[in-house]
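**Q** Below is the file model-v5.cif, which contains mmCIF, N, CA and C atoms.
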data_structure
#
loop_
_atom_site.label_atom_id
_atom_site.label_comp_id
_atom_site.auth_asym_id
_atom_site.auth_seq_id
_atom_site.Cartn_x
_atom_site.Cartn_y
_atom_site.Cartn_z
N MET A 1 -0.40 -8.17 -11.90
CA MET A 1 -0.12 -6.77 -12.17
C MET A 1 1.21 -6.56 -12.88
N GLU A 2 2.05 -7.57 -12.88
CA GLU A 2 3.35 -7.42 -13.50
C GLU A 2 3.27 -7.41 -15.02
N GLU A 3 2.31 -8.12 -15.60
CA GLU A 3 2.24 -8.23 -17.04
C GLU A 3 2.02 -6.88 -17.73
N PRO A 4 1.07 -6.03 -17.29
CA PRO A 4 0.90 -4.74 -17.97
C PRO A 4 2.15 -3.87 -17.85
N ARG A 5 2.80 -3.93 -16.70
CA ARG A 5 3.98 -3.12 -16.51
C ARG A 5 5.12 -3.62 -17.41
N ASP A 6 5.28 -4.95 -17.50
CA ASP A 6 6.30 -5.52 -18.37
C ASP A 6 6.03 -5.16 -19.83
N PHE A 7 4.75 -5.24 -20.22
CA PHE A 7 4.39 -4.90 -21.59
C PHE A 7 4.71 -3.44 -21.87
N LEU A 8 4.34 -2.57 -20.94
CA LEU A 8 4.58 -1.14 -21.12
C LEU A 8 6.08 -0.86 -21.20
N SER A 9 6.84 -1.50 -20.33
CA SER A 9 8.30 -1.32 -20.36
C SER A 9 8.87 -1.78 -21.69
N GLY A 10 8.43 -2.93 -22.17
CA GLY A 10 8.90 -3.44 -23.45
C GLY A 10 8.53 -2.53 -24.60
N LEU A 11 7.33 -1.99 -24.54
CA LEU A 11 6.86 -1.09 -25.58
C LEU A 11 7.73 0.18 -25.61
N ILE A 12 8.01 0.71 -24.45
CA ILE A 12 8.81 1.94 -24.37
C ILE A 12 10.24 1.68 -24.84
N VAL A 13 10.84 0.61 -24.34
CA VAL A 13 12.22 0.30 -24.72
C VAL A 13 12.29 0.02 -26.22
N GLY A 14 11.35 -0.73 -26.75
CA GLY A 14 11.34 -1.01 -28.19
C GLY A 14 11.20 0.27 -29.01
N GLY A 15 10.34 1.15 -28.55
CA GLY A 15 10.17 2.43 -29.24
C GLY A 15 11.44 3.26 -29.23
N LEU A 16 12.10 3.27 -28.08
CA LEU A 16 13.36 4.03 -27.98
C LEU A 16 14.44 3.45 -28.88
N ILE A 17 14.55 2.14 -28.91
CA ILE A 17 15.56 1.51 -29.76
C ILE A 17 15.25 1.77 -31.24
N GLY A 18 13.98 1.64 -31.61
CA GLY A 18 13.60 1.91 -33.00
C GLY A 18 13.87 3.35 -33.40
N ALA A 19 13.56 4.26 -32.51
CA ALA A 19 13.81 5.68 -32.80
C ALA A 19 15.30 5.95 -32.91
N ALA A 20 16.07 5.34 -32.03
CA ALA A 20 17.52 5.55 -32.07
C ALA A 20 18.10 5.06 -33.39
N PHE A 21 17.70 3.89 -33.83
CA PHE A 21 18.19 3.39 -35.12
C PHE A 21 17.73 4.27 -36.27
N GLY A 22 16.50 4.73 -36.18
CA GLY A 22 16.00 5.61 -37.24
C GLY A 22 16.80 6.90 -37.31
N LEU A 23 17.13 7.44 -36.17
CA LEU A 23 17.91 8.67 -36.17
C LEU A 23 19.36 8.43 -36.59
N LEU A 24 19.90 7.29 -36.21
CA LEU A 24 21.29 6.99 -36.58
C LEU A 24 21.46 6.86 -38.09
N PHE A 25 20.45 6.36 -38.74
CA PHE A 25 20.54 6.17 -40.18
C PHE A 25 19.89 7.30 -40.96
N ALA A 26 19.48 8.35 -40.26
CA ALA A 26 18.88 9.51 -40.93
C ALA A 26 19.99 10.31 -41.64
N PRO A 27 19.61 10.99 -42.71
CA PRO A 27 20.62 11.75 -43.46
C PRO A 27 20.93 13.11 -42.83
N GLU A 28 21.46 13.09 -41.61
CA GLU A 28 21.90 14.32 -40.93
C GLU A 28 23.34 14.11 -40.47
N PRO A 29 24.05 15.19 -40.26
CA PRO A 29 25.41 15.04 -39.72
C PRO A 29 25.38 14.40 -38.33
N GLY A 30 26.46 13.72 -37.97
CA GLY A 30 26.55 12.99 -36.72
C GLY A 30 26.32 13.85 -35.48
N ASP A 31 26.86 15.06 -35.47
CA ASP A 31 26.70 15.94 -34.30
C ASP A 31 25.22 16.25 -34.06
N ARG A 32 24.54 16.60 -35.12
CA ARG A 32 23.10 16.92 -34.98
C ARG A 32 22.31 15.69 -34.53
N THR A 33 22.65 14.57 -35.14
CA THR A 33 21.94 13.34 -34.82
C THR A 33 22.14 12.97 -33.35
N ARG A 34 23.39 13.05 -32.88
CA ARG A 34 23.65 12.72 -31.48
C ARG A 34 22.93 13.68 -30.53
N GLU A 35 22.95 14.94 -30.86
CA GLU A 35 22.24 15.93 -30.02
C GLU A 35 20.74 15.65 -30.00
N ARG A 36 20.23 15.35 -31.16
CA ARG A 36 18.80 15.03 -31.26
C ARG A 36 18.47 13.77 -30.45
N LEU A 37 19.35 12.77 -30.53
CA LEU A 37 19.17 11.54 -29.75
C LEU A 37 19.15 11.86 -28.25
N ARG A 38 20.09 12.67 -27.80
CA ARG A 38 20.15 13.03 -26.38
C ARG A 38 18.86 13.72 -25.94
N ARG A 39 18.43 14.67 -26.73
CA ARG A 39 17.22 15.42 -26.40
C ARG A 39 15.99 14.51 -26.34
N GLN A 40 15.83 13.72 -27.38
CA GLN A 40 14.64 12.86 -27.45
C GLN A 40 14.69 11.75 -26.41
N SER A 41 15.87 11.21 -26.15
CA SER A 41 15.94 10.15 -25.14
C SER A 41 15.60 10.73 -23.76
N GLY A 42 16.00 11.96 -23.51
CA GLY A 42 15.62 12.61 -22.24
C GLY A 42 14.12 12.81 -22.14
N GLU A 43 13.53 13.27 -23.24
CA GLU A 43 12.07 13.47 -23.26
C GLU A 43 11.34 12.14 -23.09
N TRP A 44 11.78 11.15 -23.83
CA TRP A 44 11.10 9.84 -23.76
C TRP A 44 11.33 9.17 -22.42
N GLY A 45 12.51 9.38 -21.87
CA GLY A 45 12.76 8.83 -20.53
C GLY A 45 11.82 9.45 -19.51
N GLY A 46 11.61 10.76 -19.63
CA GLY A 46 10.66 11.44 -18.75
C GLY A 46 9.24 10.91 -18.94
N ARG A 47 8.86 10.72 -20.18
CA ARG A 47 7.53 10.17 -20.46
C ARG A 47 7.39 8.75 -19.90
N ALA A 48 8.45 7.97 -20.08
CA ALA A 48 8.42 6.59 -19.57
C ALA A 48 8.26 6.58 -18.05
N ARG A 49 8.97 7.47 -17.36
CA ARG A 49 8.84 7.56 -15.90
C ARG A 49 7.43 7.98 -15.51
N GLU A 50 6.87 8.94 -16.25
CA GLU A 50 5.50 9.37 -15.95
C GLU A 50 4.52 8.21 -16.13
N GLN A 51 4.68 7.47 -17.21
CA GLN A 51 3.79 6.33 -17.45
C GLN A 51 3.97 5.27 -16.38
N ALA A 52 5.22 5.00 -16.00
CA ALA A 52 5.48 4.01 -14.95
C ALA A 52 4.84 4.47 -13.63
N ASP A 53 4.92 5.76 -13.34
CA ASP A 53 4.29 6.28 -12.13
C ASP A 53 2.77 6.12 -12.19
N ARG A 54 2.19 6.39 -13.35
CA ARG A 54 0.74 6.22 -13.51
C ARG A 54 0.34 4.76 -13.32
N VAL A 55 1.11 3.86 -13.92
CA VAL A 55 0.81 2.43 -13.78
C VAL A 55 0.93 2.02 -12.32
N ALA A 56 1.96 2.51 -11.64
CA ALA A 56 2.15 2.18 -10.22
C ALA A 56 0.98 2.73 -9.39
N GLU A 57 0.53 3.93 -9.71
CA GLU A 57 -0.60 4.52 -8.99
C GLU A 57 -1.88 3.69 -9.21
N ILE A 58 -2.11 3.29 -10.45
CA ILE A 58 -3.29 2.47 -10.76
C ILE A 58 -3.19 1.13 -10.03
N ALA A 59 -2.00 0.54 -10.03
CA ALA A 59 -1.81 -0.74 -9.33
C ALA A 59 -2.07 -0.58 -7.84
N THR A 60 -1.62 0.52 -7.26
CA THR A 60 -1.84 0.76 -5.84
C THR A 60 -3.33 0.91 -5.54
N LYS A 61 -4.04 1.65 -6.39
CA LYS A 61 -5.48 1.80 -6.20
C LYS A 61 -6.19 0.45 -6.35
N ALA A 62 -5.78 -0.32 -7.34
CA ALA A 62 -6.40 -1.63 -7.56
C ALA A 62 -6.15 -2.56 -6.37
N ARG A 63 -4.92 -2.52 -5.86
CA ARG A 63 -4.58 -3.35 -4.70
C ARG A 63 -5.41 -2.92 -3.49
N SER A 64 -5.56 -1.63 -3.31
CA SER A 64 -6.35 -1.12 -2.19
C SER A 64 -7.81 -1.54 -2.32
N SER A 65 -8.35 -1.43 -3.53
CA SER A 65 -9.73 -1.85 -3.76
C SER A 65 -9.89 -3.35 -3.52
N ALA A 66 -8.93 -4.12 -3.97
CA ALA A 66 -8.98 -5.57 -3.76
C ALA A 66 -8.92 -5.90 -2.27
N ASP A 67 -8.07 -5.19 -1.55
CA ASP A 67 -7.99 -5.41 -0.10
C ASP A 67 -9.31 -5.10 0.57
N ASP A 68 -9.97 -4.03 0.14
CA ASP A 68 -11.27 -3.67 0.71
C ASP A 68 -12.31 -4.75 0.43
N VAL A 69 -12.32 -5.23 -0.80
CA VAL A 69 -13.29 -6.28 -1.17
C VAL A 69 -13.02 -7.54 -0.36
N ILE A 70 -11.76 -7.90 -0.22
CA ILE A 70 -11.42 -9.10 0.55
C ILE A 70 -11.84 -8.93 2.01
N LYS A 71 -11.60 -7.75 2.58
CA LYS A 71 -11.98 -7.51 3.97
C LYS A 71 -13.50 -7.60 4.14
N ARG A 72 -14.24 -7.00 3.22
CA ARG A 72 -15.70 -7.07 3.30
C ARG A 72 -16.18 -8.52 3.17
N GLY A 73 -15.53 -9.25 2.27
CA GLY A 73 -15.89 -10.66 2.09
C GLY A 73 -15.61 -11.47 3.35
N ARG A 74 -14.48 -11.23 3.97
CA ARG A 74 -14.15 -11.94 5.22
C ARG A 74 -15.13 -11.57 6.33
N ASP A 75 -15.43 -10.28 6.43
CA ASP A 75 -16.38 -9.84 7.46
C ASP A 75 -17.74 -10.50 7.26
N THR A 76 -18.20 -10.52 6.02
CA THR A 76 -19.49 -11.15 5.72
C THR A 76 -19.44 -12.64 6.01
N PHE A 77 -18.35 -13.29 5.64
CA PHE A 77 -18.19 -14.72 5.91
C PHE A 77 -18.23 -14.98 7.41
N ASP A 78 -17.48 -14.18 8.18
CA ASP A 78 -17.47 -14.35 9.64
C ASP A 78 -18.85 -14.13 10.23
N GLU A 79 -19.55 -13.12 9.74
CA GLU A 79 -20.90 -12.82 10.24
C GLU A 79 -21.85 -13.99 9.96
N LYS A 80 -21.81 -14.48 8.72
CA LYS A 80 -22.70 -15.59 8.36
C LYS A 80 -22.32 -16.87 9.12
N THR A 81 -21.04 -17.09 9.33
CA THR A 81 -20.60 -18.25 10.10
C THR A 81 -21.12 -18.16 11.53
N ASP A 82 -21.04 -16.98 12.12
CA ASP A 82 -21.57 -16.80 13.48
C ASP A 82 -23.07 -17.03 13.52
N GLN A 83 -23.79 -16.52 12.52
CA GLN A 83 -25.24 -16.72 12.48
C GLN A 83 -25.56 -18.22 12.37
N LEU A 84 -24.84 -18.91 11.52
CA LEU A 84 -25.07 -20.34 11.33
C LEU A 84 -24.74 -21.10 12.62
N ARG A 85 -23.64 -20.74 13.27
CA ARG A 85 -23.26 -21.40 14.52
C ARG A 85 -24.33 -21.19 15.59
N ARG A 86 -24.82 -19.95 15.69
CA ARG A 86 -25.87 -19.66 16.69
C ARG A 86 -27.15 -20.44 16.38
N ALA A 87 -27.51 -20.50 15.10
CA ALA A 87 -28.71 -21.24 14.71
C ALA A 87 -28.54 -22.72 15.02
N PHE A 88 -27.37 -23.25 14.75
CA PHE A 88 -27.10 -24.65 15.04
C PHE A 88 -27.19 -24.90 16.55
N GLU A 89 -26.56 -24.03 17.32
CA GLU A 89 -26.57 -24.20 18.78
C GLU A 89 -27.98 -24.06 19.34
N ASP A 90 -28.74 -23.10 18.81
CA ASP A 90 -30.14 -22.95 19.25
C ASP A 90 -30.94 -24.19 18.92
N GLY A 91 -30.75 -24.73 17.72
CA GLY A 91 -31.46 -25.94 17.33
C GLY A 91 -31.05 -27.12 18.20
N ARG A 92 -29.76 -27.24 18.44
CA ARG A 92 -29.27 -28.33 19.28
C ARG A 92 -29.83 -28.21 20.70
N ASP A 93 -29.77 -26.99 21.25
CA ASP A 93 -30.29 -26.78 22.61
C ASP A 93 -31.79 -27.05 22.67
N SER A 94 -32.48 -26.63 21.63
CA SER A 94 -33.93 -26.86 21.58
C SER A 94 -34.22 -28.36 21.53
N THR A 95 -33.46 -29.07 20.74
CA THR A 95 -33.65 -30.51 20.62
C THR A 95 -33.32 -31.20 21.94
N ARG A 96 -32.28 -30.79 22.59
CA ARG A 96 -31.92 -31.37 23.89
C ARG A 96 -33.00 -31.10 24.93
N GLY A 97 -33.55 -29.92 24.90
CA GLY A 97 -34.62 -29.57 25.83
C GLY A 97 -35.83 -30.45 25.62
N ARG A 98 -36.17 -30.70 24.37
CA ARG A 98 -37.33 -31.56 24.08
C ARG A 98 -37.06 -33.00 24.51
N SER A 99 -35.85 -33.47 24.28
CA SER A 99 -35.57 -34.86 24.65
C SER A 99 -35.58 -35.01 26.16
N ARG A 100 -35.20 -33.99 26.91
CA ARG A 100 -35.27 -34.03 28.37
C ARG A 100 -36.72 -34.06 28.82
N GLU A 101 -37.55 -33.26 28.13
CA GLU A 101 -38.97 -33.22 28.49
C GLU A 101 -39.61 -34.58 28.25
N ARG A 102 -39.23 -35.25 27.19
CA ARG A 102 -39.79 -36.56 26.89
C ARG A 102 -39.33 -37.62 27.91
N ARG A 103 -38.09 -37.51 28.33
CA ARG A 103 -37.56 -38.48 29.27
C ARG A 103 -38.17 -38.30 30.66
N SER A 104 -38.38 -37.08 31.06
CA SER A 104 -38.88 -36.81 32.40
C SER A 104 -40.22 -37.49 32.68
N PRO A 105 -41.21 -37.31 31.84
CA PRO A 105 -42.49 -37.97 32.14
C PRO A 105 -42.37 -39.48 32.12
N GLU A 106 -41.58 -40.02 31.20
CA GLU A 106 -41.44 -41.47 31.13
C GLU A 106 -40.75 -42.02 32.36
N GLY A 107 -39.69 -41.27 32.79
CA GLY A 107 -38.94 -41.74 33.95
C GLY A 107 -39.78 -41.70 35.22
N SER A 108 -40.69 -40.73 35.38
CA SER A 108 -41.51 -40.64 36.59
C SER A 108 -42.63 -41.66 36.58
N GLU A 109 -43.05 -42.08 35.39
CA GLU A 109 -44.14 -43.06 35.29
C GLU A 109 -43.63 -44.47 35.53
N GLY A 110 -42.48 -44.77 35.11
CA GLY A 110 -42.10 -46.16 35.09
C GLY A 110 -41.04 -46.53 35.96
#
I need this file expressed as structure tokens, please.
**A**
Amino acid sequence: MEEPRDFLSGLIVGGLIGAAFGLLFAPEPGDRTRERLRRQSGEWGGRAREQADRVAEIATKARSSADDVIKRGRDTFDEKTDQLRRAFEDGRDSTRGRSRERRSPEGSEG
């Protein structure tokens, strides 16, 4: 989850730096340019925070969904393991019962 956030951060920072250089070299007086930079950096900073919040929200939802899937998978695994264990024990008990039945008649005869 870190890669999309890092990419987004890099994209935003790169855009801000490019815009700042573009404004610095624009043919306007310094006072206007600085004021414009302040205004736009505030706007872009707000947008960047909004995007970061959206990414964080999406990551939280994805993490929650992944946790749910993992829990369901574990529950299913535990259920199937219990079924297999019971089937094995039933088969083992059944086999032991049959071997006792076979031994009993032989032991009484001989």
**Q** Would you compute the distance between atom C of Ala19 of chain A and atom CA of Glu43 of chain A? Give it in Å to one decimal.
**A** 12.7 Å
**Q** Please indicate the distance in Å from atom CA of Phe7 of chain A to atom CA of Leu37 of chain A, rounded to one decimal place.
**A**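 Interatomic distance here is 23.6 Å.
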**Q** Fewer than 6 positions away in the same chain doesn't count, so skip those; otherwise give me all residues within 8 Å of segment 11-15 of chain A, counting all atoms listed in the file, as a VMD selection string.
**A** chain A and resid 5 21 44 48
**Q** Which value, in Å to one decimal, gives the distance between atom N of Arg38 of chain A and atom C of Leu23 of chain A?
**A**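 Pair atom N of Arg38 of chain A / atom C of Leu23 of chain A returns 9.8 Å.
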**Q** Go through A:Leu16, A:Gln83, A:Lys61, A:Leu24 and flag the residue nearest Gln40 of chain A, using all atoms listed in the file for the distances.
**A**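 Distance minimum relative to Gln40 of chain A lands on A:Leu16.
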**Q** Could you tell me which residues the PyMOL selection byres (((chain A and resi 54-58 and name CA) around 12) and name CA) grabs in this file, written as a list in words?
**A**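 When the PyMOL selection byres (((chain A and resi 54-58 and name CA) around 12) and name CA) is applied, the selected residues are Met1, Glu2, Glu3, Pro4, Arg5, Asp6, Phe7, Leu8, Ser9, Arg47, Ala48, Arg49, Glu50, Gln51, Ala52, Asp53, Ala59, Thr60, Lys61, Ala62, Arg63, Ser64 and Ser65 of chain A.
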